[in-house]
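One structure is given below, encoded as structure tokens.
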Amino acid sequence: MTKKQAQLTGARAIALATLDKVRTSGAYSNLQLNQALESGQLSGADRRLVTALVYGTLQHQRTLYYWLSPFIAGKKVRPWVKTLLLMTLFQYQYLDRVPNFAATDEAIEIAKRRGNPGVRRFVTGVLHAILRNGVADVEKIEDPKQRLAIQASLPDWLVDELVAQYGLAQTEALAKVINEPARISLRVNRAKATVEEAQALLRSAGVETKPSEVAQNGLVVTKGAVLKTAAFKNGVVTIQDESAMLAVESMHLTGHERVLDACAAPGGKTVQIAEALTDGEVYALDIHRHKVGLIEKNAQRMGVDDRVFARQLDARQVGQEFADQFFDQILVDAPCSGMGLLRRKPEIRYDKQLGDSQRLHQIQGAILDSVATKVKKGGIITYSTCTILRQENDETVAEFLKHHPNFRLQKTTTARMLKDNRQAQTLTLLPSDYGSDGFFISNLQRVQ
């Protein structure tokens with residue numbers, strides 16, 4: 001075996017181990033992948049291959065199952081062997097630069113090393129049968145929703161919900177982009193640099209960027225690695241999706257407010273609030289102690305820890321800590337199903353059920369109820385989520401307003417005036433709109 005072949009085997013073996021942990025142990029793909037890449041001695045090309053294999057196999061898992069099932073029907077297959085077959089099938093169907101023979105040889109070698117002669121023979125037989133016979137044509141599925149679910153690798157319940165809420169055409173547009181690679185975006189810390197100054201600093205470190213079309217202080221990375229740059233280490237920029245920047249942007253802070261970030265960890269929006277403050281302050285809450293530490297660490301790196309006060313507290317219990325009308329503004333970036341993040345966390349589509357979204361709707365309402373008396377008259381509660389399901393978004397807001405007639409819904413506006421001609425007062429961004437994550441924002445003003 002040549003040195004190059006050994007490296008490819010190493011990359012695929014690491015990808016397989018990572019996928020196996022995500023698929024069988026419920027590990028988060030992004031965290032597990034980062035851990036694998038840090039621990040493995042991989043070249044740049046192999047790191048990219050591992051990343052493509054992990055995210056690609058997870059994103060297209062249902063489609064891959066559809067293709068694989070006829071070849072393993074009636075056979076008892078170990079979980080890691082099934083993962084190996086799915087990963088190899090992904091390479092056949094989606095990676096044009098990887099020859100089928102190379103992917104096949106590497107899979108057989110992994111089966112031989114990790115399994116036994118029987119496993120090696122089984123994997124060899126299945127892969128050769130796939131290459132010989134080809135896979136089923138998804139286009140021949142007659143039911144349009146079923147066809148879309150298999151093509152986009154989405155659970156039936158999610159396709160049903162999206163079609164009911166957005167229509168078939170918009171769901172099809174959404175399905176086309178959710179399996180594309182997520183781009184890396186940065187938010188510039190305007191307390192330390194202008195957008196142009198940050199771009200110049202990054203460029204000197206070999207990182208090329210372009211201004212975001214979504215967020216005023218956002219940059220999209222087009223080339224280079226950000227994490228080891230001085231700009232990142234010194235808090236000039238931080239990694240944050242463009243859509244996620246808009247919740248704080250929509251608050252239109254003047255700099256003098258006392259703000260509550262009710263569901264703050266890991267602190268990205270907390271420091272964004274703090275950067276906009278001059279003599280104001282932000283209280284950041286999270287239910288977990290170690291996540292409070294993350295908020296504090298984030299604030300220190302960004303140079304705003306003097307105006308950030310992080311506390312361990314369940315947002316549903318703010319009455320124990322704060323007096324009524326204590327805050328000028330409150331941000332509730334609520335726990336949600338995360339269905340706007342399908343590109344970054346592809347496994348969540350398989351882990352969630354409709355009941356999870358309905359349960360989260362209740363938690364979101366409880367948090368909003370608990371903070372309602374803590375904002376001053378005339379003050380605003382900004383409620384946001386990183387999901388695109390209306391039961392967690394507009395329906396949560398409508399239920400809050402029903403029980404709190406002393407609040408009214410203001411139209412959400414952003415610096416770029418995104419979707420300004422819409423009829424809704426709330427703002428929903430789909431991944432198919434601007435290529436950013438799916439996100440929802442609403443602004444609720446206390447009027448009495």
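Going by the structure tokens order, chains are called A, B, ..., each with residues numbered from 1, while ligands are numbered from 1 in the order shown.
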Do you have, as CSV, the list of residues of region 273-373 of chain A lying at most 10 Å from region 152-155 of chain A, each with its nearest atom pair and that distance in Å to one decimal, counting only C-alpha atoms and ordered by chain then number?
```
residue,atom,partner,partner_atom,distance
A:Leu342,CA,A:Leu154,CA,9.8
A:Pro346,CA,A:Ser153,CA,9.8
A:Arg349,CA,A:Leu154,CA,6.5
A:Tyr350,CA,A:Pro155,CA,6.6
A:Asp351,CA,A:Pro155,CA,9.6
A:Lys352,CA,A:Pro155,CA,9.1
A:Gln353,CA,A:Pro155,CA,8.8
```
Please produce an output containing all heavy atoms for each residue in the selection, written as a PDB file, in the first residue's frame.
```
ATOM      1  N   LEU A 342     -30.234  22.968   9.602  1.00  0.00           N
ATOM      2  CA  LEU A 342     -30.081  21.623   9.046  1.00  0.00           C
ATOM      3  C   LEU A 342     -28.758  21.437   8.320  1.00  0.00           C
ATOM      4  O   LEU A 342     -28.250  20.313   8.231  1.00  0.00           O
ATOM      5  CB  LEU A 342     -31.242  21.312   8.108  1.00  0.00           C
ATOM      6  CG  LEU A 342     -32.610  21.152   8.789  1.00  0.00           C
ATOM      7  CD1 LEU A 342     -33.690  20.883   7.747  1.00  0.00           C
ATOM      8  CD2 LEU A 342     -32.588  20.031   9.814  1.00  0.00           C
ATOM      9  N   PRO A 346     -26.788  18.355  10.567  1.00  0.00           N
ATOM     10  CA  PRO A 346     -27.690  17.558   9.722  1.00  0.00           C
ATOM     11  C   PRO A 346     -28.399  16.428  10.458  1.00  0.00           C
ATOM     12  O   PRO A 346     -29.483  16.006  10.050  1.00  0.00           O
ATOM     13  CB  PRO A 346     -26.758  17.000   8.638  1.00  0.00           C
ATOM     14  CG  PRO A 346     -25.382  17.099   9.205  1.00  0.00           C
ATOM     15  CD  PRO A 346     -25.396  18.302  10.085  1.00  0.00           C
ATOM     16  N   ARG A 349     -32.387  16.419  11.987  1.00  0.00           N
ATOM     17  CA  ARG A 349     -33.603  16.098  11.231  1.00  0.00           C
ATOM     18  C   ARG A 349     -34.093  14.691  11.543  1.00  0.00           C
ATOM     19  O   ARG A 349     -35.282  14.406  11.424  1.00  0.00           O
ATOM     20  CB  ARG A 349     -33.354  16.271   9.733  1.00  0.00           C
ATOM     21  CG  ARG A 349     -32.437  15.223   9.133  1.00  0.00           C
ATOM     22  CD  ARG A 349     -32.106  15.519   7.688  1.00  0.00           C
ATOM     23  NE  ARG A 349     -31.051  16.515   7.589  1.00  0.00           N
ATOM     24  CZ  ARG A 349     -30.638  17.047   6.449  1.00  0.00           C
ATOM     25  NH1 ARG A 349     -31.198  16.696   5.315  1.00  0.00           N
ATOM     26  NH2 ARG A 349     -29.666  17.936   6.430  1.00  0.00           N
ATOM     27  N   TYR A 350     -33.164  13.803  11.910  1.00  0.00           N
ATOM     28  CA  TYR A 350     -33.540  12.428  12.222  1.00  0.00           C
ATOM     29  C   TYR A 350     -33.840  12.233  13.701  1.00  0.00           C
ATOM     30  O   TYR A 350     -34.493  11.268  14.084  1.00  0.00           O
ATOM     31  CB  TYR A 350     -32.421  11.464  11.811  1.00  0.00           C
ATOM     32  CG  TYR A 350     -31.870  11.723  10.423  1.00  0.00           C
ATOM     33  CD1 TYR A 350     -30.564  12.154  10.238  1.00  0.00           C
ATOM     34  CD2 TYR A 350     -32.675  11.550   9.289  1.00  0.00           C
ATOM     35  CE1 TYR A 350     -30.064  12.407   8.971  1.00  0.00           C
ATOM     36  CE2 TYR A 350     -32.177  11.806   8.017  1.00  0.00           C
ATOM     37  CZ  TYR A 350     -30.868  12.239   7.863  1.00  0.00           C
ATOM     38  OH  TYR A 350     -30.368  12.499   6.607  1.00  0.00           O
ATOM     39  N   ASP A 351     -33.352  13.146  14.538  1.00  0.00           N
ATOM     40  CA  ASP A 351     -33.507  13.002  15.988  1.00  0.00           C
ATOM     41  C   ASP A 351     -34.811  13.599  16.507  1.00  0.00           C
ATOM     42  O   ASP A 351     -35.285  13.223  17.575  1.00  0.00           O
ATOM     43  CB  ASP A 351     -32.340  13.681  16.718  1.00  0.00           C
ATOM     44  CG  ASP A 351     -31.006  13.036  16.395  1.00  0.00           C
ATOM     45  OD1 ASP A 351     -31.018  11.864  15.973  1.00  0.00           O
ATOM     46  OD2 ASP A 351     -29.965  13.699  16.551  1.00  0.00           O
ATOM     47  N   LYS A 352     -35.365  14.566  15.785  1.00  0.00           N
ATOM     48  CA  LYS A 352     -36.537  15.299  16.269  1.00  0.00           C
ATOM     49  C   LYS A 352     -37.839  14.697  15.747  1.00  0.00           C
ATOM     50  O   LYS A 352     -37.890  14.096  14.675  1.00  0.00           O
ATOM     51  CB  LYS A 352     -36.455  16.767  15.846  1.00  0.00           C
ATOM     52  CG  LYS A 352     -35.186  17.502  16.288  1.00  0.00           C
ATOM     53  CD  LYS A 352     -35.162  17.756  17.765  1.00  0.00           C
ATOM     54  CE  LYS A 352     -33.946  18.608  18.134  1.00  0.00           C
ATOM     55  NZ  LYS A 352     -33.862  18.857  19.576  1.00  0.00           N
ATOM     56  N   GLN A 353     -38.897  14.920  16.527  1.00  0.00           N
ATOM     57  CA  GLN A 353     -40.243  14.532  16.141  1.00  0.00           C
ATOM     58  C   GLN A 353     -41.159  15.754  16.270  1.00  0.00           C
ATOM     59  O   GLN A 353     -40.788  16.747  16.913  1.00  0.00           O
ATOM     60  CB  GLN A 353     -40.759  13.395  17.026  1.00  0.00           C
ATOM     61  CG  GLN A 353     -39.908  12.142  16.992  1.00  0.00           C
ATOM     62  CD  GLN A 353     -39.914  11.442  15.646  1.00  0.00           C
ATOM     63  OE1 GLN A 353     -40.899  11.509  14.919  1.00  0.00           O
ATOM     64  NE2 GLN A 353     -38.819  10.755  15.315  1.00  0.00           N
TER      65      GLN A 353
END
```
Task: Spatial neighbours of region 170-185 of chain A, max dist 10 Å, only C-alpha atoms, sep filter under 5 positions, as a PyMOL selection string - done: chain A and resi 52+55-56+58-60+144-145+148-149+151-154+159-165+209-212+218-223+225-226+237-243+340-346+430-433+435-438
- [ ] For each of A:Gly365, A:Ala424, A:Met417, A:Tyr283, take the minimum atom-to-atom distance to His404 (chain A), counting only C-alpha atoms, then give the residue where this is smallest.
- [x] A:Gly365
- [ ] Enumerate the residues of region 45-249 of chain A with a DSSP assignment of strand (DSSP E or B), computed from the backbone, and present them as a PyMOL selection string.
- [x] chain A and resi 185-188+208-211+218-223+237-239
Task: From A:Tyr65, A:Phe407, A:Phe439, A:Trp80, residue lying nearest Val22 (chain A) [only C-alpha atoms] - done: A:Trp80
Open item on the list: Excluding region 268-281 of chain A and its own-chain neighbours fewer than 6 positions away, which residues fall within 6 Å of it when counting only C-alpha atoms? Please give them as a PyMOL selection string.
Closed with: chain A and resi 191+255-258+299+307
TODO: Using DSSP on the backbone coordinates, identify all residues within region 116-240 of chain A classified as helix (DSSP H, G or I); present the result as a ChimeraX atom specification.
DONE: /A:117-133,138-140,144-152,156-166,168-177,195-204,230-233
Task: Within 8 Å of region 312-319 of chain A using only C-alpha atoms, minus same-chain residues under 3 positions, as a list in words - done: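 So the residues in contact are Ala262, Cys263, Leu285, Asp286, Ile287, His288, Arg289, Val292, Phe322, Ala323, Asp324, Ala366, Ile367, Asp369, Ser370, Val371 and Lys374 of chain A.
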Store the residues of this selection in a file with N, CA and C atoms, as a PDB file, in the first residue's frame.
```pdb
ATOM      1  N   ALA A 262     -31.967  36.299  28.186  1.00  0.00           N
ATOM      2  CA  ALA A 262     -32.570  35.308  29.070  1.00  0.00           C
ATOM      3  C   ALA A 262     -32.091  33.875  28.813  1.00  0.00           C
ATOM      4  N   CYS A 263     -31.666  33.575  27.592  1.00  0.00           N
ATOM      5  CA  CYS A 263     -31.203  32.217  27.237  1.00  0.00           C
ATOM      6  C   CYS A 263     -29.887  32.389  26.484  1.00  0.00           C
ATOM      7  N   LEU A 285     -28.203  34.916  31.238  1.00  0.00           N
ATOM      8  CA  LEU A 285     -28.610  33.771  32.048  1.00  0.00           C
ATOM      9  C   LEU A 285     -28.463  32.468  31.268  1.00  0.00           C
ATOM     10  N   ASP A 286     -28.101  31.416  31.997  1.00  0.00           N
ATOM     11  CA  ASP A 286     -28.209  30.065  31.467  1.00  0.00           C
ATOM     12  C   ASP A 286     -28.419  29.105  32.618  1.00  0.00           C
ATOM     13  N   ILE A 287     -29.106  28.022  32.334  1.00  0.00           N
ATOM     14  CA  ILE A 287     -29.473  27.075  33.381  1.00  0.00           C
ATOM     15  C   ILE A 287     -28.287  26.214  33.829  1.00  0.00           C
ATOM     16  N   HIS A 288     -27.231  26.122  32.974  1.00  0.00           N
ATOM     17  CA  HIS A 288     -26.088  25.260  33.271  1.00  0.00           C
ATOM     18  C   HIS A 288     -24.862  26.071  33.679  1.00  0.00           C
ATOM     19  N   ARG A 289     -24.206  25.655  34.753  1.00  0.00           N
ATOM     20  CA  ARG A 289     -23.049  26.378  35.282  1.00  0.00           C
ATOM     21  C   ARG A 289     -21.917  26.454  34.253  1.00  0.00           C
ATOM     22  N   VAL A 292     -22.448  29.053  31.706  1.00  0.00           N
ATOM     23  CA  VAL A 292     -22.195  30.407  32.211  1.00  0.00           C
ATOM     24  C   VAL A 292     -20.720  30.745  32.041  1.00  0.00           C
ATOM     25  N   PHE A 322     -34.902  39.345  39.806  1.00  0.00           N
ATOM     26  CA  PHE A 322     -35.005  40.713  39.303  1.00  0.00           C
ATOM     27  C   PHE A 322     -36.379  41.310  39.620  1.00  0.00           C
ATOM     28  N   ALA A 323     -36.365  42.594  39.911  1.00  0.00           N
ATOM     29  CA  ALA A 323     -37.604  43.317  40.187  1.00  0.00           C
ATOM     30  C   ALA A 323     -38.370  43.562  38.894  1.00  0.00           C
ATOM     31  N   ASP A 324     -39.655  43.820  39.025  1.00  0.00           N
ATOM     32  CA  ASP A 324     -40.450  44.166  37.859  1.00  0.00           C
ATOM     33  C   ASP A 324     -39.931  45.456  37.231  1.00  0.00           C
ATOM     34  N   ALA A 366     -43.597  29.666  28.414  1.00  0.00           N
ATOM     35  CA  ALA A 366     -43.329  29.832  29.840  1.00  0.00           C
ATOM     36  C   ALA A 366     -42.213  30.847  30.077  1.00  0.00           C
ATOM     37  N   ILE A 367     -41.199  30.842  29.230  1.00  0.00           N
ATOM     38  CA  ILE A 367     -40.105  31.813  29.373  1.00  0.00           C
ATOM     39  C   ILE A 367     -40.613  33.225  29.103  1.00  0.00           C
ATOM     40  N   ASP A 369     -43.661  34.331  29.400  1.00  0.00           N
ATOM     41  CA  ASP A 369     -44.527  34.713  30.520  1.00  0.00           C
ATOM     42  C   ASP A 369     -43.706  35.201  31.709  1.00  0.00           C
ATOM     43  N   SER A 370     -42.597  34.517  31.980  1.00  0.00           N
ATOM     44  CA  SER A 370     -41.807  34.831  33.173  1.00  0.00           C
ATOM     45  C   SER A 370     -41.081  36.167  33.069  1.00  0.00           C
ATOM     46  N   VAL A 371     -40.712  36.564  31.851  1.00  0.00           N
ATOM     47  CA  VAL A 371     -39.955  37.816  31.702  1.00  0.00           C
ATOM     48  C   VAL A 371     -40.855  39.013  31.423  1.00  0.00           C
ATOM     49  N   LYS A 374     -40.772  41.988  33.661  1.00  0.00           N
ATOM     50  CA  LYS A 374     -39.427  42.503  33.965  1.00  0.00           C
ATOM     51  C   LYS A 374     -38.976  43.610  33.018  1.00  0.00           C
TER      52      LYS A 374
END
```
TODO: Might you pull out every residue within 7 Å of Val447 (chain A), with only C-alpha atoms counted and same-chain residues fewer than 3 positions away left off, and present them as an NGL selection string?
DONE: :A and (377-378 or 406-408)
TODO: Name all residues at most 8 Å from Leu418 (chain A) (count only C-alpha atoms; drop same-chain ones fewer than 4 positions away) and give them as a list in words.
DONE: Val214, Thr413 and Thr414 of chain A
Open item on the list: I'd like the contact shell of Asp333 (chain A) - 7 Å cut-off, only C-alpha atoms, skipping same-chain residues fewer than 2 positions apart - returned as a ChimeraX atom specification.
Closed with: /A:263,331,335,383-385
